[in-house]
file model-v2.pdb (PDB, C-alpha atoms)
ATOM      1  CA  MET N   1      92.818  91.711  64.086
ATOM      2  CA  TYR N   2      96.219  92.746  62.781
ATOM      3  CA  ARG N   3      96.116  95.989  64.853
ATOM      4  CA  LYS N   4      95.358  94.073  68.055
ATOM      5  CA  MET N   5      98.269  91.709  67.431
ATOM      6  CA  ALA N   6     100.601  94.650  66.731
ATOM      7  CA  LYS N   7      99.571  96.336  70.005
ATOM      8  CA  LEU N   8     100.011  93.093  71.918
ATOM      9  CA  SER N   9     103.455  92.558  70.381
ATOM     10  CA  ALA N  10     104.487  96.086  71.298
ATOM     11  CA  LEU N  11     103.361  95.561  74.903
ATOM     12  CA  VAL N  12     105.255  92.280  75.167
ATOM     13  CA  VAL N  13     108.448  93.884  73.819
ATOM     14  CA  PHE N  14     108.021  96.817  76.228
ATOM     15  CA  GLY N  15     107.491  94.454  79.178
ATOM     16  CA  VAL N  16     110.543  92.367  78.347
ATOM     17  CA  THR N  17     112.608  95.547  77.943
ATOM     18  CA  LEU N  18     111.561  96.685  81.413
ATOM     19  CA  ILE N  19     112.454  93.354  82.983
ATOM     20  CA  VAL N  20     115.761  92.875  81.181
ATOM     21  CA  GLY N  21     116.809  96.528  81.110
ATOM     22  CA  THR N  22     116.452  97.350  84.800
ATOM     23  CA  ASP N  23     119.172  97.084  87.410
ATOM     24  CA  ALA N  24     118.777  94.988  90.516
ATOM     25  CA  MET N  25     116.130  96.285  92.868
ATOM     26  CA  ALA N  26     117.438  98.666  95.485
ATOM     27  CA  ALA N  27     116.525  98.363  99.150
ATOM     28  CA  ARG N  28     113.851 100.335 101.015
ATOM     29  CA  ILE N  29     114.664 101.545 104.538
ATOM     30  CA  ASN N  30     111.992 102.715 107.020
ATOM     31  CA  GLY N  31     112.681 104.160 110.461
ATOM     32  CA  LYS N  32     113.054 107.213 112.687
ATOM     33  CA  VAL N  33     115.687 109.838 111.981
ATOM     34  CA  THR N  34     117.786 110.536 115.087
ATOM     35  CA  TYR N  35     120.702 112.466 113.590
ATOM     36  CA  VAL N  36     121.228 114.783 110.596
ATOM     37  CA  GLY N  37     124.513 116.402 109.640
ATOM     38  CA  THR N  38     126.321 117.900 106.693
ATOM     39  CA  MET N  39     129.551 116.555 105.279
ATOM     40  CA  GLY N  40     132.357 117.942 103.145
ATOM     41  CA  GLU N  41     131.899 118.044  99.409
ATOM     42  CA  TYR N  42     132.475 114.943  97.333
ATOM     43  CA  HIS N  43     134.551 115.252  94.161
ATOM     44  CA  THR N  44     135.882 113.077  91.389
ATOM     45  CA  SER N  45     137.108 114.135  87.961
ATOM     46  CA  SER N  46     134.317 112.199  86.240
ATOM     47  CA  GLU N  47     131.437 113.082  88.619
ATOM     48  CA  GLY N  48     132.347 116.697  89.454
ATOM     49  CA  TYR N  49     131.637 118.398  92.763
ATOM     50  CA  GLN N  50     128.725 117.152  94.855
ATOM     51  CA  ALA N  51     127.198 118.322  98.124
ATOM     52  CA  THR N  52     126.645 115.625 100.737
ATOM     53  CA  PHE N  53     124.878 115.075 104.026
ATOM     54  CA  ARG N  54     124.292 112.107 106.283
ATOM     55  CA  PHE N  55     121.654 110.906 108.691
ATOM     56  CA  ARG N  56     121.003 108.001 111.035
ATOM     57  CA  VAL N  57     117.803 105.995 110.834
ATOM     58  CA  SER N  58     117.206 104.296 114.186
ATOM     59  CA  GLU N  59     115.081 101.218 114.743
ATOM     60  CA  SER N  60     114.885 100.836 110.980
ATOM     61  CA  THR N  61     113.704  97.931 108.898
ATOM     62  CA  CYS N  62     114.944  97.170 105.411
ATOM     63  CA  GLY N  63     113.442  94.823 102.848
ATOM     64  CA  THR N  64     112.837  91.449 104.463
ATOM     65  CA  ASP N  65     115.082  92.343 107.448
ATOM     66  CA  THR N  66     112.429  93.208 110.040
ATOM     67  CA  ALA N  67     114.791  93.258 113.044
ATOM     68  CA  PRO N  68     115.163  96.933 114.066
ATOM     69  CA  LYS N  69     118.671  98.277 113.452
ATOM     70  CA  ASP N  70     120.458 101.632 113.324
ATOM     71  CA  ARG N  71     121.592 102.518 109.810
ATOM     72  CA  TRP N  72     123.718 105.411 108.538
ATOM     73  CA  ILE N  73     122.824 106.889 105.178
ATOM     74  CA  HIS N  74     125.017 109.267 103.179
ATOM     75  CA  VAL N  75     123.289 111.283 100.452
ATOM     76  CA  ARG N  76     125.105 112.690  97.432
ATOM     77  CA  SER N  77     123.522 115.417  95.301
ATOM     78  CA  GLY N  78     124.936 114.502  91.930
ATOM     79  CA  ARG N  79     126.887 116.961  89.795
ATOM     80  CA  MET N  80     125.839 120.554  90.357
ATOM     81  CA  ASP N  81     127.662 122.306  87.524
ATOM     82  CA  GLY N  82     126.298 123.383  84.145
ATOM     83  CA  VAL N  83     123.204 121.463  83.044
ATOM     84  CA  TYR N  84     123.166 119.640  86.403
ATOM     85  CA  ALA N  85     122.507 122.796  88.453
ATOM     86  CA  HIS N  86     119.038 121.505  89.372
ATOM     87  CA  ASN N  87     120.643 118.886  91.621
ATOM     88  CA  SER N  88     121.249 121.536  94.290
ATOM     89  CA  ALA N  89     117.467 122.012  94.603
ATOM     90  CA  ASN N  90     117.003 118.227  94.815
ATOM     91  CA  LEU N  91     119.529 118.058  97.653
ATOM     92  CA  LYS N  92     117.797 120.895  99.518
ATOM     93  CA  ASN N  93     114.477 119.056  99.196
ATOM     94  CA  ALA N  94     115.997 115.809 100.477
ATOM     95  CA  PHE N  95     117.727 117.555 103.400
ATOM     96  CA  THR N  96     114.491 119.375 104.328
ATOM     97  CA  THR N  97     112.520 116.114 104.210
ATOM     98  CA  VAL N  98     115.031 114.375 106.494
ATOM     99  CA  MET N  99     115.053 117.318 108.933
ATOM    100  CA  THR N 100     111.242 117.369 108.949
ATOM    101  CA  ALA N 101     111.180 113.659 109.751
ATOM    102  CA  MET N 102     113.583 114.143 112.653
ATOM    103  CA  LEU N 103     111.804 117.180 114.116
ATOM    104  CA  SER N 104     108.285 115.762 113.730
ATOM    105  CA  GLY N 105     109.084 112.204 114.794
ATOM    106  CA  LYS N 106     107.572 110.813 111.582
ATOM    107  CA  ILE N 107     108.815 107.637 109.953
ATOM    108  CA  ILE N 108     111.054 108.202 106.949
ATOM    109  CA  GLU N 109     111.156 105.979 103.896
ATOM    110  CA  VAL N 110     114.320 105.819 101.808
ATOM    111  CA  ASP N 111     114.162 104.016  98.477
ATOM    112  CA  GLY N 112     117.391 103.384  96.646
ATOM    113  CA  ALA N 113     119.812 102.112  99.277
ATOM    114  CA  PRO N 114     122.272  99.636  97.736
ATOM    115  CA  ASP N 115     121.434  96.877 100.229
ATOM    116  CA  CYS N 116     120.204  96.197 103.763
ATOM    117  CA  ASN N 117     123.600  95.694 105.418
ATOM    118  CA  ALA N 118     123.338  97.639 108.696
ATOM    119  CA  THR N 119     127.068  97.440 109.430
ATOM    120  CA  GLN N 120     127.967  99.480 106.331
ATOM    121  CA  VAL N 121     127.111 103.070 105.537
ATOM    122  CA  GLN N 122     124.533 103.183 102.769
ATOM    123  CA  THR N 123     125.484 105.823 100.187
ATOM    124  CA  ILE N 124     122.630 106.918  97.977
ATOM    125  CA  ASN N 125     122.648 109.158  94.966
ATOM    126  CA  LEU N 126     119.568 111.348  94.609
ATOM    127  CA  TRP N 127     119.243 110.599  90.912
ATOM    128  CA  ASN N 128     118.596 106.923  91.776
ATOM    129  CA  SER N 129     116.603 107.215  95.001
ATOM    130  CA  GLN N 130     113.696 108.820  96.803
ATOM    131  CA  ILE N 131     113.287 110.083 100.369
ATOM    132  CA  GLY N 132     109.845 110.648 101.840
ATOM    133  CA  LEU N 133     107.803 110.816 105.018
ATOM    134  CA  PHE N 134     105.791 107.738 105.882
ATOM    135  CA  LYS N 135     102.605 107.757 107.999
TER
END

call {"tool": "encode", "arguments": {"input": "model-v2.pdb", "output": "structure tokens"}}
result
Amino acid sequence: MYRKMAKLSALVVFGVTLIVGTDAMAARINGKVTYVGTMGEYHTSSEGYQATFRFRVSESTCGTDTAPKDRWIHVRSGRMDGVYAHNSANLKNAFTTVMTAMLSGKIIEVDGAPDCNATQVQTINLWNSQIGLFK
């Protein structure tokens, strides 16, 4: 009996930690890619040098906003120096996925956009987001 209560207590603490410890939910954007382009590197003294690219998702939906809109998304790789060298491979994978979506006409799904505001450029960081083909 005591072991069951201990397991239950641990699960409750874990569940509360997940709910309290997570940031606000990021937005999910779905649509067709109609433009892909590279951008100049991004740099700050605290975040180092980062590679960037951008793409346009046309006729996209986002969260509860089901009215089709064009949205611009900028992608930052994250630091690519020292122990963060793996971020260059992550950026290549993201860029290839976006290019594949554009060339194949597949729907892309972007998780991790800050919000659904179509009038602002959505900047996503690969360490907090996912990009994938949908359908």

call {"tool": "closest_residue", "arguments": {"input": "model-v2.pdb", "among": "N:Thr96, N:Thr66, N:Gln120, N:Asn90", "to": "Arg28 (chain N)", "atoms": "all atoms listed in the file"}}
result
N:Thr66

call {"tool": "residues_near_point", "arguments": {"input": "model-v2.pdb", "point": "(119.5, 118.6, 90.6)", "cutoff": "12 Å", "atoms": "all atoms listed in the file", "output": "NGL selection string"}}
result
:N and (50-51 or 76-94 or 125-128)

call {"tool": "resolve_selection", "arguments": {"input": "model-v2.pdb", "expression": "the PyMOL selection byres ((chain N and resi 70) around 10)", "output": "ChimeraX atom specification"}}
result
/N:31-34,56-61,68-69,71-73,118-119

call {"tool": "write_last_selection", "arguments": {"input": "model-v2.pdb", "atoms": "C-alpha atoms", "output": "mmCIF file, in the coordinates of the input"}}
result
data_model
loop_
_atom_site.group_PDB
_atom_site.id
_atom_site.type_symbol
_atom_site.label_atom_id
_atom_site.label_comp_id
_atom_site.auth_asym_id
_atom_site.auth_seq_id
_atom_site.Cartn_x
_atom_site.Cartn_y
_atom_site.Cartn_z
ATOM 1 C CA GLY N 31 112.681 104.160 110.461
ATOM 2 C CA LYS N 32 113.054 107.213 112.687
ATOM 3 C CA VAL N 33 115.687 109.838 111.981
ATOM 4 C CA THR N 34 117.786 110.536 115.087
ATOM 5 C CA ARG N 56 121.003 108.001 111.035
ATOM 6 C CA VAL N 57 117.803 105.995 110.834
ATOM 7 C CA SER N 58 117.206 104.296 114.186
ATOM 8 C CA GLU N 59 115.081 101.218 114.743
ATOM 9 C CA SER N 60 114.885 100.836 110.980
ATOM 10 C CA THR N 61 113.704 97.931 108.898
ATOM 11 C CA PRO N 68 115.163 96.933 114.066
ATOM 12 C CA LYS N 69 118.671 98.277 113.452
ATOM 13 C CA ARG N 71 121.592 102.518 109.810
ATOM 14 C CA TRP N 72 123.718 105.411 108.538
ATOM 15 C CA ILE N 73 122.824 106.889 105.178
ATOM 16 C CA ALA N 118 123.338 97.639 108.696
ATOM 17 C CA THR N 119 127.068 97.440 109.430
#

call {"tool": "residues_around", "arguments": {"input": "model-v2.pdb", "residues": "Val110 (chain N)", "least_positions_apart": "4", "cutoff": "9 Å", "atoms": "only C-alpha atoms", "output": "MDAnalysis selection string"}}
result
chainID N and resid 27:31 129:133

call {"tool": "closest_residue", "arguments": {"input": "model-v2.pdb", "among": "N:Val36, N:His43, N:Gly48, N:Thr97", "to": "His74 (chain N)", "atoms": "only C-alpha atoms"}}
result
N:Val36

call {"tool": "atom_distance", "arguments": {"input": "model-v2.pdb", "atom1": "CA of Thr44 (chain N)", "atom2": "CA of Ile124 (chain N)"}}
result
16.0 Å

call {"tool": "residues_around", "arguments": {"input": "model-v2.pdb", "residues": "Gly40 (chain N)", "least_positions_apart": "2", "cutoff": "8 Å", "atoms": "all atoms listed in the file", "output": "list in words"}}
result
Thr38, Tyr42, Ala51 and Thr52 of chain N

call {"tool": "write_last_selection", "arguments": {"input": "model-v2.pdb", "atoms": "C-alpha atoms", "output": "short mmCIF file (atom, residue, chain, number, x, y, z; two decimals), keeping the file's coordinate frame"}}
result
data_model
loop_
_atom_site.label_atom_id
_atom_site.label_comp_id
_atom_site.auth_asym_id
_atom_site.auth_seq_id
_atom_site.Cartn_x
_atom_site.Cartn_y
_atom_site.Cartn_z
CA THR N 38 126.32 117.90 106.69
CA TYR N 42 132.48 114.94 97.33
CA ALA N 51 127.20 118.32 98.12
CA THR N 52 126.64 115.62 100.74
#

call {"tool": "resolve_selection", "arguments": {"input": "model-v2.pdb", "expression": "the PyMOL selection byres ((chain N and resi 106) around 9)", "output": "number ranges by chain"}}
result
N: 31-33, 100-105, 107-108, 133-135

call {"tool": "atom_distance", "arguments": {"input": "model-v2.pdb", "atom1": "CA of Phe55 (chain N)", "atom2": "CA of Ala26 (chain N)"}}
result
18.5 Å

call {"tool": "closest_residue", "arguments": {"input": "model-v2.pdb", "among": "N:Tyr49, N:Gln122, N:Asn117, N:Met39", "to": "Ala67 (chain N)", "atoms": "only C-alpha atoms"}}
result
N:Asn117

call {"tool": "atom_distance", "arguments": {"input": "model-v2.pdb", "atom1": "CA of Gly63 (chain N)", "atom2": "CA of Cys116 (chain N)"}}
result
7.0 Å
